file upload-v5.txt (compact mmCIF, C-alpha atoms)
# COMPACT_ATOMS: atom_id res chain seq x y z
CA MET B 1 -4.50 -11.22 -31.92
CA ARG B 2 -4.98 -13.74 -29.12
CA ARG B 3 -3.06 -16.37 -31.03
CA THR B 4 -0.17 -13.98 -31.56
CA LEU B 5 -0.12 -13.05 -27.88
CA GLY B 6 -0.25 -16.72 -26.98
CA ALA B 7 2.70 -17.45 -29.23
CA VAL B 8 4.68 -14.62 -27.68
CA LEU B 9 3.95 -15.92 -24.17
CA ILE B 10 4.98 -19.42 -25.17
CA VAL B 11 8.27 -18.15 -26.56
CA ILE B 12 8.98 -16.11 -23.43
CA GLY B 13 8.07 -18.98 -21.13
CA ALA B 14 10.19 -21.41 -23.10
CA ALA B 15 13.15 -19.03 -22.98
CA ILE B 16 12.92 -18.62 -19.20
CA LEU B 17 12.47 -22.34 -18.73
CA CYS B 18 15.51 -23.03 -20.91
CA GLY B 19 17.59 -20.60 -18.87
CA VAL B 20 16.54 -22.26 -15.61
CA GLY B 21 17.15 -25.70 -17.07
CA VAL B 22 20.61 -24.75 -18.31
CA ARG B 23 21.46 -23.45 -14.85
CA TYR B 24 20.33 -26.65 -13.16
CA ALA B 25 22.03 -28.82 -15.80
CA ARG B 26 25.29 -26.94 -15.41
CA GLY B 27 25.08 -27.38 -11.64
CA ALA B 28 24.51 -31.11 -12.04
CA TYR B 29 27.43 -31.36 -14.45
CA ASP B 30 29.72 -29.46 -12.08
CA ARG B 31 28.56 -31.66 -9.23
CA ASP B 32 29.45 -34.85 -11.12
CA ARG B 33 32.78 -33.39 -12.10
CA ALA B 34 33.50 -32.46 -8.48
CA ARG B 35 32.69 -36.01 -7.40
CA ALA B 36 35.07 -37.43 -10.00
CA GLU B 37 37.82 -35.02 -9.01
CA TRP B 38 37.35 -35.85 -5.36
CA ALA B 39 37.59 -39.56 -6.09
CA ALA B 40 40.83 -38.94 -7.97
CA LEU B 41 42.17 -36.88 -5.07
CA GLU B 42 41.29 -39.65 -2.63
CA ALA B 43 43.15 -42.16 -4.75
CA HIS B 44 46.13 -39.85 -5.05
CA HIS B 45 46.09 -39.23 -1.30
CA ALA B 46 46.07 -42.95 -0.59
CA VAL B 47 49.16 -43.47 -2.73
CA ALA B 48 50.96 -40.45 -1.28
CA SER B 49 50.23 -41.36 2.33
CA ALA B 50 51.51 -44.86 1.77
CA SER B 51 54.85 -43.60 0.48
CA THR B 52 55.57 -40.43 2.45
CA PHE B 53 54.68 -38.88 5.75
CA ALA B 54 52.46 -35.89 5.31
CA SER B 55 52.10 -33.37 8.09
CA ALA B 56 49.04 -31.19 7.92
CA PRO B 57 49.29 -27.52 8.77
CA ALA B 58 47.46 -26.11 11.76
CA HIS B 59 44.94 -24.32 9.56
CA THR B 60 44.32 -25.48 6.04
CA THR B 61 43.50 -22.84 3.50
CA TYR B 62 42.09 -23.47 0.08
CA ALA B 63 42.01 -21.55 -3.15
CA PRO B 64 38.56 -20.65 -4.49
CA GLY B 65 36.95 -23.58 -6.26
CA VAL B 66 39.31 -26.17 -4.82
CA LEU B 67 37.64 -29.27 -3.40
CA VAL B 68 37.67 -29.21 0.38
CA GLY B 69 36.12 -32.52 1.28
CA ARG B 70 33.03 -34.59 1.43
CA LEU B 71 29.90 -34.16 3.52
CA LEU B 72 27.64 -37.06 4.48
CA ILE B 73 24.43 -37.06 6.50
CA PRO B 74 23.21 -40.67 6.59
CA SER B 75 19.79 -39.90 8.08
CA VAL B 76 18.71 -37.97 4.99
CA ARG B 77 21.01 -39.75 2.53
CA LEU B 78 22.97 -36.61 1.79
CA ASP B 79 26.34 -37.16 0.14
CA GLU B 80 27.98 -34.10 -1.41
CA VAL B 81 31.45 -32.88 -2.30
CA ILE B 82 32.39 -29.54 -0.74
CA ALA B 83 34.17 -26.86 -2.77
CA GLU B 84 35.89 -23.74 -1.45
CA GLY B 85 33.81 -20.58 -1.80
CA VAL B 86 30.17 -19.55 -1.60
CA GLY B 87 29.87 -17.85 -4.97
CA ASP B 88 27.35 -18.77 -7.61
CA ASP B 89 29.70 -21.13 -9.41
CA GLN B 90 30.66 -23.05 -6.27
CA LEU B 91 27.11 -23.27 -4.94
CA ASP B 92 25.88 -24.51 -8.31
CA ALA B 93 28.26 -27.44 -8.10
CA GLY B 94 27.70 -28.30 -4.45
CA PRO B 95 27.98 -27.13 -0.87
CA GLY B 96 30.52 -24.38 -0.40
CA HIS B 97 33.02 -23.95 2.41
CA LEU B 98 33.03 -20.35 3.60
CA PRO B 99 36.53 -18.92 3.07
CA GLY B 100 38.18 -17.86 6.29
CA SER B 101 36.36 -20.41 8.39
CA ALA B 102 38.14 -23.47 9.74
CA SER B 103 38.52 -26.59 7.72
CA PRO B 104 36.14 -29.30 8.97
CA GLY B 105 37.81 -31.15 11.82
CA GLU B 106 40.30 -28.43 12.66
CA PRO B 107 39.92 -26.13 15.66
CA GLY B 108 37.45 -23.38 14.89
CA ASN B 109 34.09 -22.98 13.25
CA ALA B 110 33.79 -24.64 9.85
CA VAL B 111 30.93 -23.13 7.85
CA ILE B 112 29.36 -24.99 4.93
CA SER B 113 26.50 -23.52 2.90
CA ALA B 114 24.40 -24.71 -0.02
CA HIS B 115 21.22 -23.94 -1.92
CA ARG B 116 17.99 -25.20 -0.43
CA ASP B 117 16.57 -26.20 -3.80
CA ARG B 118 19.50 -28.45 -4.67
CA HIS B 119 22.18 -29.95 -2.48
CA PHE B 120 20.74 -28.99 0.91
CA HIS B 121 17.14 -29.73 -0.01
CA SER B 122 17.02 -32.41 2.69
CA LEU B 123 18.68 -30.29 5.35
CA GLY B 124 15.28 -29.25 6.70
CA ARG B 125 14.70 -32.84 7.83
CA VAL B 126 17.92 -33.01 9.83
CA THR B 127 17.22 -32.87 13.54
CA ILE B 128 19.25 -32.57 16.71
CA GLY B 129 21.12 -35.78 17.40
CA ASP B 130 21.64 -36.71 13.75
CA THR B 131 25.10 -37.74 12.66
CA VAL B 132 27.17 -35.81 10.14
CA ILE B 133 30.43 -37.05 8.65
CA THR B 134 33.03 -34.86 7.00
CA VAL B 135 36.03 -36.17 5.16
CA THR B 136 38.84 -33.83 4.19
CA ARG B 137 42.39 -34.47 3.04
CA THR B 138 43.61 -34.29 6.61
CA ALA B 139 40.80 -35.58 8.81
CA ARG B 140 37.71 -37.70 8.96
CA THR B 141 35.31 -36.36 11.57
CA THR B 142 32.01 -37.61 12.86
CA TRP B 143 29.75 -34.89 14.18
CA VAL B 144 26.45 -34.80 16.00
CA ILE B 145 23.92 -32.04 15.48
CA VAL B 146 23.56 -30.06 18.70
CA GLY B 147 21.76 -26.94 17.52
CA ARG B 148 19.08 -26.01 15.03
CA LYS B 149 17.69 -22.52 14.60
CA VAL B 150 16.15 -20.24 12.01
CA VAL B 151 17.47 -16.69 11.86
CA GLY B 152 16.81 -13.65 9.76
CA ARG B 153 18.80 -12.89 6.67
CA TYR B 154 20.93 -10.22 8.33
CA GLN B 155 21.03 -11.70 11.81
CA PRO B 156 24.53 -12.58 13.02
CA SER B 157 24.78 -16.34 13.08
CA LEU B 158 28.43 -17.28 12.61
CA PHE B 159 30.58 -17.13 15.71
CA PRO B 160 34.14 -18.21 16.48
CA SER B 161 34.88 -21.34 18.45
CA ALA B 162 38.05 -22.50 20.13
CA THR B 163 37.15 -26.13 19.57
CA PRO B 164 36.16 -27.83 16.32
CA GLU B 165 32.62 -26.92 15.32
CA LEU B 166 30.61 -27.42 12.17
CA THR B 167 27.94 -25.02 10.96
CA LEU B 168 25.63 -25.92 8.07
CA THR B 169 23.53 -23.14 6.57
CA THR B 170 20.91 -22.87 3.88
CA CYS B 171 17.92 -20.71 3.08
CA TRP B 172 14.65 -21.05 4.93
CA PRO B 173 11.82 -21.90 4.35
CA ILE B 174 12.94 -24.79 2.18
CA ARG B 175 9.88 -24.65 -0.10
CA TYR B 176 9.72 -20.87 -0.34
CA ILE B 177 8.97 -19.47 -3.79
CA GLY B 178 11.47 -16.73 -4.54
CA PRO B 179 14.53 -15.62 -2.59
CA ALA B 180 13.97 -16.99 0.90
CA PRO B 181 14.05 -14.42 3.71
CA ASP B 182 15.51 -16.57 6.50
CA ARG B 183 18.42 -18.92 7.09
CA LEU B 184 18.49 -22.37 8.67
CA ILE B 185 21.53 -22.80 10.90
CA LEU B 186 22.61 -26.24 12.08
CA THR B 187 25.55 -26.57 14.44
CA ALA B 188 27.39 -29.78 15.18
CA LYS B 189 30.07 -30.90 17.61
CA PRO B 190 32.61 -33.63 16.90
CA VAL B 191 32.18 -36.98 18.57
CA ASP B 192 34.91 -38.83 16.76
CA ALA B 193 37.86 -37.68 14.72
CA SER B 194 40.65 -39.52 13.06
CA ARG B 195 43.69 -37.98 11.48
CA ARG B 196 44.36 -38.94 7.88
CA ALA B 197 48.07 -39.19 7.29
CA MET W 1 -50.75 66.84 -7.26
CA THR W 2 -50.59 70.63 -7.33
CA LEU W 3 -47.90 73.22 -6.87
CA ARG W 4 -48.72 73.34 -3.20
CA HIS W 5 -47.53 69.85 -2.77
CA ILE W 6 -44.07 70.46 -4.25
CA PRO W 7 -42.51 71.87 -1.04
CA LEU W 8 -43.96 68.99 0.90
CA LEU W 9 -42.44 66.52 -1.54
CA ALA W 10 -39.12 68.28 -1.33
CA CYS W 11 -39.15 68.07 2.44
CA ALA W 12 -40.13 64.44 2.28
CA PHE W 13 -37.27 63.63 -0.17
CA ALA W 14 -34.82 65.49 1.99
CA VAL W 15 -35.84 63.58 5.10
CA LEU W 16 -35.81 60.21 3.33
CA ALA W 17 -32.54 61.00 1.59
CA SER W 18 -30.76 61.73 4.82
CA GLY W 19 -32.01 58.50 6.33
CA ALA W 20 -31.04 56.56 3.24
CA HIS W 21 -27.60 58.15 3.18
CA ALA W 22 -27.01 57.18 6.74
CA GLN W 23 -28.03 53.61 6.08
CA PHE W 24 -26.03 53.41 2.85
CA THR W 25 -22.93 54.83 4.45
CA ALA W 26 -23.10 52.48 7.38
CA ALA W 27 -23.50 49.51 5.07
CA VAL W 28 -20.69 50.31 2.61
CA VAL W 29 -17.86 51.54 4.77
CA PRO W 30 -16.21 48.50 6.47
CA PRO W 31 -14.17 48.67 9.66
CA ARG W 32 -10.78 48.76 7.87
CA ALA W 33 -8.61 48.88 10.92
CA LYS W 34 -10.01 45.59 12.30
CA ALA W 35 -9.50 43.73 8.99
CA LYS W 36 -5.87 44.87 8.83
CA VAL W 37 -5.15 43.48 12.27
CA ASP W 38 -6.63 40.10 11.32
CA THR W 39 -4.41 39.81 8.21
CA THR W 40 -1.28 40.59 10.16
CA ALA W 41 -2.13 38.05 12.82
CA LYS W 42 -2.76 35.40 10.17
CA LYS W 43 0.62 36.07 8.52
CA ASP W 44 2.34 35.81 11.87
CA SER W 45 0.71 32.48 12.65
CA VAL W 46 1.70 31.05 9.25
CA ARG W 47 5.28 32.20 9.70
CA ARG W 48 5.43 30.67 13.16
CA ALA W 49 4.08 27.38 11.83
CA GLU W 50 6.73 27.34 9.09
CA VAL W 51 9.51 28.01 11.56
CA ALA W 52 8.22 25.28 13.87
CA LEU W 53 8.01 22.82 10.98
CA ALA W 54 11.56 23.61 9.85
CA ALA W 55 12.84 23.14 13.38
CA ARG W 56 11.00 19.83 13.66
CA VAL W 57 12.42 18.58 10.34
CA THR W 58 15.91 19.55 11.44
CA ASP W 59 15.45 17.71 14.71
CA MET W 60 14.17 14.63 12.88
CA LYS W 61 17.20 14.64 10.60
CA LYS W 62 19.51 14.93 13.60
CA TRP W 63 17.67 12.12 15.31
CA VAL W 64 17.86 9.87 12.25
CA ASP W 65 21.57 10.53 11.83
CA SER W 66 22.24 9.88 15.49
CA ALA W 67 20.15 6.71 15.47
CA ALA W 68 22.06 5.47 12.45
CA GLY W 69 25.35 6.12 14.16
CA VAL W 70 26.44 8.63 11.52
CA ALA W 71 27.71 11.36 13.73
CA LEU W 72 29.28 14.30 12.01
CA PRO W 73 32.54 15.14 13.79
CA PRO W 74 33.28 18.64 14.98
CA ALA W 75 35.26 20.95 12.76
CA ALA W 76 38.39 20.62 14.88
CA ASP W 77 38.54 16.86 14.29
CA SER W 78 40.56 15.37 11.46
CA SER W 79 37.41 13.93 9.96
CA SER W 80 35.73 15.89 7.23
CA ALA W 81 32.32 15.80 5.70
CA THR W 82 31.33 16.96 2.27
CA ALA W 83 28.02 18.57 1.64
CA ALA W 84 25.21 16.63 0.15
CA ALA W 85 24.13 19.20 -2.33
CA SER W 86 27.24 18.95 -4.46
CA ALA W 87 26.32 16.96 -7.51
CA SER W 88 29.91 16.29 -8.48
CA ASP W 89 31.79 13.40 -6.92
CA THR W 90 34.63 15.51 -5.70
CA VAL W 91 36.24 14.05 -2.62
CA ALA W 92 37.79 16.16 0.06
CA PRO W 93 41.52 15.61 0.50
CA ALA W 94 42.07 12.65 2.77
CA THR W 95 43.99 13.10 5.95
CA LYS W 96 45.54 10.40 8.04
CA ASP W 97 43.11 8.33 10.11
CA SER W 98 40.27 10.19 8.53
CA VAL W 99 36.74 9.20 7.81
CA ILE W 100 35.11 10.85 4.85
CA LEU W 101 31.36 10.95 4.59
CA LYS W 102 29.86 11.46 1.18
CA ARG W 103 26.18 11.82 0.66
CA ASN W 104 24.55 10.37 -2.38
CA ALA W 105 23.92 13.36 -4.61
CA ARG W 106 20.92 11.76 -6.22
CA VAL W 107 19.04 11.74 -2.96
CA ARG W 108 17.76 14.92 -1.39
CA SER W 109 20.15 16.03 1.25
CA ASP W 110 17.41 16.90 3.71
CA SER W 111 15.78 13.51 3.32
CA ALA W 112 16.07 10.98 6.11
CA ALA W 113 16.60 8.31 3.44
CA SER W 114 19.81 9.84 2.19
CA ILE W 115 22.62 7.32 2.06
CA ALA W 116 25.99 7.92 3.57
CA THR W 117 29.01 6.42 1.88
CA VAL W 118 31.88 5.81 4.24
CA GLU W 119 35.48 5.69 3.16
CA VAL W 120 38.01 4.63 5.75
CA HIS W 121 41.59 5.75 5.44
CA ASP W 122 44.31 4.13 7.48
CA SER W 123 47.32 5.75 9.04
CA THR W 124 49.26 5.54 5.80
CA GLY W 125 46.73 7.72 4.08
CA LEU W 126 45.71 4.94 1.72
CA LYS W 127 42.14 3.86 1.31
CA ALA W 128 41.41 0.89 3.52
CA ASP W 129 39.77 -2.36 2.50
CA SER W 130 36.15 -1.84 1.58
CA ALA W 131 35.20 -4.78 3.78
CA ALA W 132 35.97 -2.68 6.82
CA ALA W 133 33.52 -0.05 5.75
CA SER W 134 30.89 -2.54 4.68
CA ASP W 135 30.32 -3.64 8.24
CA ARG W 136 28.99 -0.24 9.16
CA PRO W 137 25.22 0.05 9.26
CA THR W 138 23.37 2.15 6.76
CA SER W 139 21.14 5.03 7.67
CA GLN W 140 18.23 2.61 7.77
CA GLY W 141 19.88 0.86 10.72
CA GLU W 142 20.29 -2.40 8.80
CA PRO W 143 23.43 -3.99 7.39
CA ARG W 144 24.00 -3.39 3.75
CA ASP W 145 22.73 -5.86 1.28
CA ARG W 146 26.08 -7.56 0.90
CA GLU W 147 26.73 -11.23 0.70
CA THR W 148 28.92 -12.88 3.29
CA THR W 149 31.77 -14.21 1.20
CA ARG W 150 34.32 -14.55 3.97
CA TYR W 151 34.07 -15.71 7.54
CA THR W 152 34.07 -13.06 10.20
CA ALA W 153 32.91 -13.32 13.78
CA GLY W 154 29.25 -12.39 14.03
CA ALA W 155 28.66 -12.38 10.31
CA PRO W 156 25.29 -13.46 8.93
CA ALA W 157 25.02 -16.72 7.04
CA PRO W 158 26.09 -16.68 3.38
CA ASN W 159 23.42 -15.71 0.91
CA THR W 160 22.14 -18.97 -0.52
CA ALA W 161 18.85 -17.50 -1.67
CA THR W 162 18.03 -18.29 -5.27
CA ALA W 163 15.26 -17.18 -7.58
CA LEU W 164 15.43 -20.23 -9.83
CA PRO W 165 12.31 -21.93 -8.40
CA LEU W 166 10.36 -18.71 -8.85
CA LEU W 167 11.63 -18.33 -12.41
CA ALA W 168 10.66 -21.91 -13.21
CA LEU W 169 7.17 -21.29 -11.83
CA VAL W 170 6.80 -18.07 -13.81
CA ALA W 171 7.95 -19.84 -16.96
CA ALA W 172 5.43 -22.63 -16.42
CA PHE W 173 2.58 -20.16 -15.90
CA THR W 174 3.64 -18.20 -18.99
CA LEU W 175 3.68 -21.33 -21.09
CA LEU W 176 0.26 -22.39 -19.83
CA ALA W 177 -1.19 -18.92 -20.44
CA GLY W 178 0.23 -18.87 -23.95
CA ALA W 179 -1.14 -22.28 -24.73
CA ALA W 180 -4.57 -21.31 -23.39
CA LEU W 181 -4.62 -18.14 -25.48
CA ARG W 182 -3.69 -20.00 -28.62
CA ARG W 183 -6.32 -22.63 -28.01
CA SER W 184 -9.15 -20.13 -27.45

call {"tool": "encode", "arguments": {"input": "upload-v5.txt", "output": "structure tokens"}}
result
Amino acid sequence: MRRTLGAVLIVIGAAILCGVGVRYARGAYDRDRARAEWAALEAHHAVASASTFASAPAHTTYAPGVLVGRLLIPSVRLDEVIAEGVGDDQLDAGPGHLPGSASPGEPGNAVISAHRDRHFHSLGRVTIGDTVITVTRTARTTWVIVGRKVVGRYQPSLFPSATPELTLTTCWPIRYIGPAPDRLILTAKPVDASRRA
Amino acid sequence: MTLRHIPLLACAFAVLASGAHAQFTAAVVPPRAKAKVDTTAKKDSVRRAEVALAARVTDMKKWVDSAAGVALPPAADSSSATAAASASDTVAPATKDSVILKRNARVRSDSAASIATVEVHDSTGLKADSAAASDRPTSQGEPRDRETTRYTAGAPAPNTATALPLLALVAAFTLLAGAALRRS
């Protein structure tokens, strides 16, 4: 009887572990694919900008799943490709740009979110004064972290801004077991921006 | 005992019987009028307590509704409210600029935990975007458990919570427990 129960538990545990592993593996695959696609876009952009003059619109909008740009935080060695949307598929592949928010570097609040157990695992170590770099098709912006706070799940935390602003969010506490109850909010202001033609 | 004693015994029985009758009568017959008054007073007090409790429950419901911001409009207003007790999902005819409140039929209508569903109709009479209604608070005074999928001013951060670490931990414990059971 005990051996049978043990076998059943092993099968159940293995099934759950396989499901979790498949989810993580799919996220890693999507992340690599996003990196490759972004590299191809960068190469294409370099060729296009050399041949024609491209004028960027005032507010760039993206279709869901489209690559928005690249996010780098040198202090914690974070280097991720940002996709449009904060659904499960987008957040599995990498940080997601919240639809409706500004594109990084453009006037307004640009909101980028990611899972704490994957792409934003090191976000808890980012402190005020750290440098953040975003690269989109239209701009390369260097930001400095000016705010760091932990808010409740339902607490309003995203606010409009007339000037360019970057907001990075993830769940908090970072090492929480189960769905985390709070959110870590990092806000950054631009210190250097260069237009990419 | 002789025949002379018989009249004396009869007198003695008569005297004792009258005394016993008086005692027996006084012991058996209760004061009925007093007991009747007590029962009536008790019924009145119970009825008053029930009325007070009903009034208090009604006041609590009003207070909960007002605290949640779900104010039922007066009858003259264009807004309409359907009763909670109706189990069917019939919706009252929508008028322009109307707000229709539907109560969840599965929840007791007199319960403070009853959930109000809000449908917003615009001036064209068509049902408005559900996102407009989702920003309204629930009766618990807390935003609905909806994920922020689009940027709006004052919105909470997107839901990045995941249960994968918990699932991995549960799977590991299950595997270890199974292995331990098989080994024993």

call {"tool": "closest_residue", "arguments": {"input": "upload-v5.txt", "among": "W:Pro165, W:Glu50, W:Pro156, W:His5", "to": "B:Asp182", "atoms": "all atoms listed in the file"}}
result
W:Pro156

call {"tool": "interface_residues", "arguments": {"input": "upload-v5.txt", "of": "chain B", "to": "chain W", "cutoff": "9 Å", "atoms": "all atoms listed in the file", "output": "PyMOL selection string"}}
result
chain B and resi 2-17+20-21+23-24+85-88+91+98-101+111+113-117+151-160+169-172+176-185

call {"tool": "residues_around", "arguments": {"input": "upload-v5.txt", "residues": "B:Thr134", "least_positions_apart": "3", "cutoff": "7 Å", "atoms": "all atoms listed in the file", "output": "number ranges by chain"}}
result
B: 69-72, 104, 140-142

call {"tool": "atom_distance", "arguments": {"input": "upload-v5.txt", "atom1": "atom CA of B:Asp79", "atom2": "atom CA of B:Ile133"}}
result
9.4 Å

call {"tool": "residues_around", "arguments": {"input": "upload-v5.txt", "residues": "B:Ala110", "least_positions_apart": "4", "cutoff": "9 Å", "atoms": "all atoms listed in the file", "output": "tab-separated table (two decimals) with C-alpha atoms, keeping the file's coordinate frame"}}
result
chain	number	residue	atom	x	y	z
B	97	HIS	CA	33.02	-23.95	2.41
B	98	LEU	CA	33.03	-20.35	3.60
B	100	GLY	CA	38.18	-17.86	6.29
B	101	SER	CA	36.36	-20.41	8.39
B	102	ALA	CA	38.14	-23.47	9.74
B	103	SER	CA	38.52	-26.59	7.72
B	104	PRO	CA	36.14	-29.30	8.97
B	105	GLY	CA	37.81	-31.15	11.82
B	106	GLU	CA	40.30	-28.43	12.66
B	164	PRO	CA	36.16	-27.83	16.32
B	165	GLU	CA	32.62	-26.92	15.32
B	166	LEU	CA	30.61	-27.42	12.17
B	167	THR	CA	27.94	-25.02	10.96
B	168	LEU	CA	25.63	-25.92	8.07

call {"tool": "atom_distance", "arguments": {"input": "upload-v5.txt", "atom1": "atom CA of B:Cys18", "atom2": "atom CA of B:Asp92"}}
result
16.4 Å

call {"tool": "residues_near_point", "arguments": {"input": "upload-v5.txt", "point": "(39.4, -35.7, -7.6)", "cutoff": "12 Å", "atoms": "all atoms listed in the file", "output": "ChimeraX atom specification"}}
result
/B:31-45,66-70,81-83,136-137

call {"tool": "decode", "arguments": {"input": "upload-v5.txt", "residues": "stretch 143-160 of chain B", "atoms": "N, CA, C and O atoms", "output": "mmCIF file, in the first residue's frame"}}
result
data_model
loop_
_atom_site.group_PDB
_atom_site.id
_atom_site.type_symbol
_atom_site.label_atom_id
_atom_site.label_comp_id
_atom_site.auth_asym_id
_atom_site.auth_seq_id
_atom_site.Cartn_x
_atom_site.Cartn_y
_atom_site.Cartn_z
ATOM 1 N N TRP B 143 19.018 56.367 -18.481
ATOM 2 C CA TRP B 143 18.173 56.799 -17.372
ATOM 3 C C TRP B 143 18.947 56.624 -16.062
ATOM 4 O O TRP B 143 19.885 55.826 -15.990
ATOM 5 N N VAL B 144 18.472 57.329 -15.053
ATOM 6 C CA VAL B 144 18.989 57.112 -13.705
ATOM 7 C C VAL B 144 17.802 56.861 -12.776
ATOM 8 O O VAL B 144 16.765 57.543 -12.868
ATOM 9 N N ILE B 145 17.964 55.858 -11.935
ATOM 10 C CA ILE B 145 16.873 55.511 -11.019
ATOM 11 C C ILE B 145 16.720 56.616 -9.973
ATOM 12 O O ILE B 145 17.683 56.966 -9.284
ATOM 13 N N VAL B 146 15.511 57.151 -9.873
ATOM 14 C CA VAL B 146 15.260 58.237 -8.916
ATOM 15 C C VAL B 146 14.241 57.850 -7.848
ATOM 16 O O VAL B 146 14.069 58.578 -6.865
ATOM 17 N N GLY B 147 13.590 56.727 -8.019
ATOM 18 C CA GLY B 147 12.578 56.330 -7.039
ATOM 19 C C GLY B 147 12.485 54.828 -6.924
ATOM 20 O O GLY B 147 12.638 54.101 -7.910
ATOM 21 N N ARG B 148 12.264 54.377 -5.696
ATOM 22 C CA ARG B 148 12.137 52.934 -5.454
ATOM 23 C C ARG B 148 11.137 52.755 -4.312
ATOM 24 O O ARG B 148 11.338 53.262 -3.222
ATOM 25 N N LYS B 149 10.057 52.039 -4.599
ATOM 26 C CA LYS B 149 9.048 51.856 -3.557
ATOM 27 C C LYS B 149 8.357 50.513 -3.749
ATOM 28 O O LYS B 149 8.344 49.952 -4.853
ATOM 29 N N VAL B 150 7.793 50.034 -2.668
ATOM 30 C CA VAL B 150 7.013 48.793 -2.685
ATOM 31 C C VAL B 150 5.576 49.155 -2.370
ATOM 32 O O VAL B 150 5.311 49.829 -1.360
ATOM 33 N N VAL B 151 4.666 48.743 -3.225
ATOM 34 C CA VAL B 151 3.255 49.082 -3.047
ATOM 35 C C VAL B 151 2.434 47.795 -3.038
ATOM 36 O O VAL B 151 2.915 46.721 -3.431
ATOM 37 N N GLY B 152 1.221 47.936 -2.587
ATOM 38 C CA GLY B 152 0.313 46.799 -2.579
ATOM 39 C C GLY B 152 -0.133 46.445 -3.984
ATOM 40 O O GLY B 152 0.053 47.215 -4.938
ATOM 41 N N ARG B 153 -0.718 45.281 -4.082
ATOM 42 C CA ARG B 153 -1.114 44.768 -5.394
ATOM 43 C C ARG B 153 -2.093 45.690 -6.105
ATOM 44 O O ARG B 153 -2.020 45.874 -7.312
ATOM 45 N N TYR B 154 -3.039 46.251 -5.343
ATOM 46 C CA TYR B 154 -4.085 47.070 -5.953
ATOM 47 C C TYR B 154 -3.818 48.562 -5.816
ATOM 48 O O TYR B 154 -4.642 49.368 -6.210
ATOM 49 N N GLN B 155 -2.708 48.904 -5.234
ATOM 50 C CA GLN B 155 -2.431 50.327 -4.999
ATOM 51 C C GLN B 155 -2.073 51.016 -6.307
ATOM 52 O O GLN B 155 -1.243 50.512 -7.073
ATOM 53 N N PRO B 156 -2.681 52.163 -6.578
ATOM 54 C CA PRO B 156 -2.315 52.893 -7.805
ATOM 55 C C PRO B 156 -0.836 53.250 -7.807
ATOM 56 O O PRO B 156 -0.315 53.793 -6.835
ATOM 57 N N SER B 157 -0.168 52.948 -8.900
ATOM 58 C CA SER B 157 1.282 53.167 -8.926
ATOM 59 C C SER B 157 1.769 53.681 -10.271
ATOM 60 O O SER B 157 2.955 53.958 -10.407
ATOM 61 N N LEU B 158 0.896 53.785 -11.240
ATOM 62 C CA LEU B 158 1.298 54.265 -12.559
ATOM 63 C C LEU B 158 0.618 55.604 -12.814
ATOM 64 O O LEU B 158 -0.621 55.678 -12.822
ATOM 65 N N PHE B 159 1.427 56.624 -13.027
ATOM 66 C CA PHE B 159 0.871 57.963 -13.170
ATOM 67 C C PHE B 159 1.441 58.623 -14.420
ATOM 68 O O PHE B 159 2.580 58.352 -14.810
ATOM 69 N N PRO B 160 0.666 59.494 -15.032
ATOM 70 C CA PRO B 160 1.135 60.148 -16.257
ATOM 71 C C PRO B 160 2.254 61.136 -15.968
ATOM 72 O O PRO B 160 2.398 61.639 -14.852
#
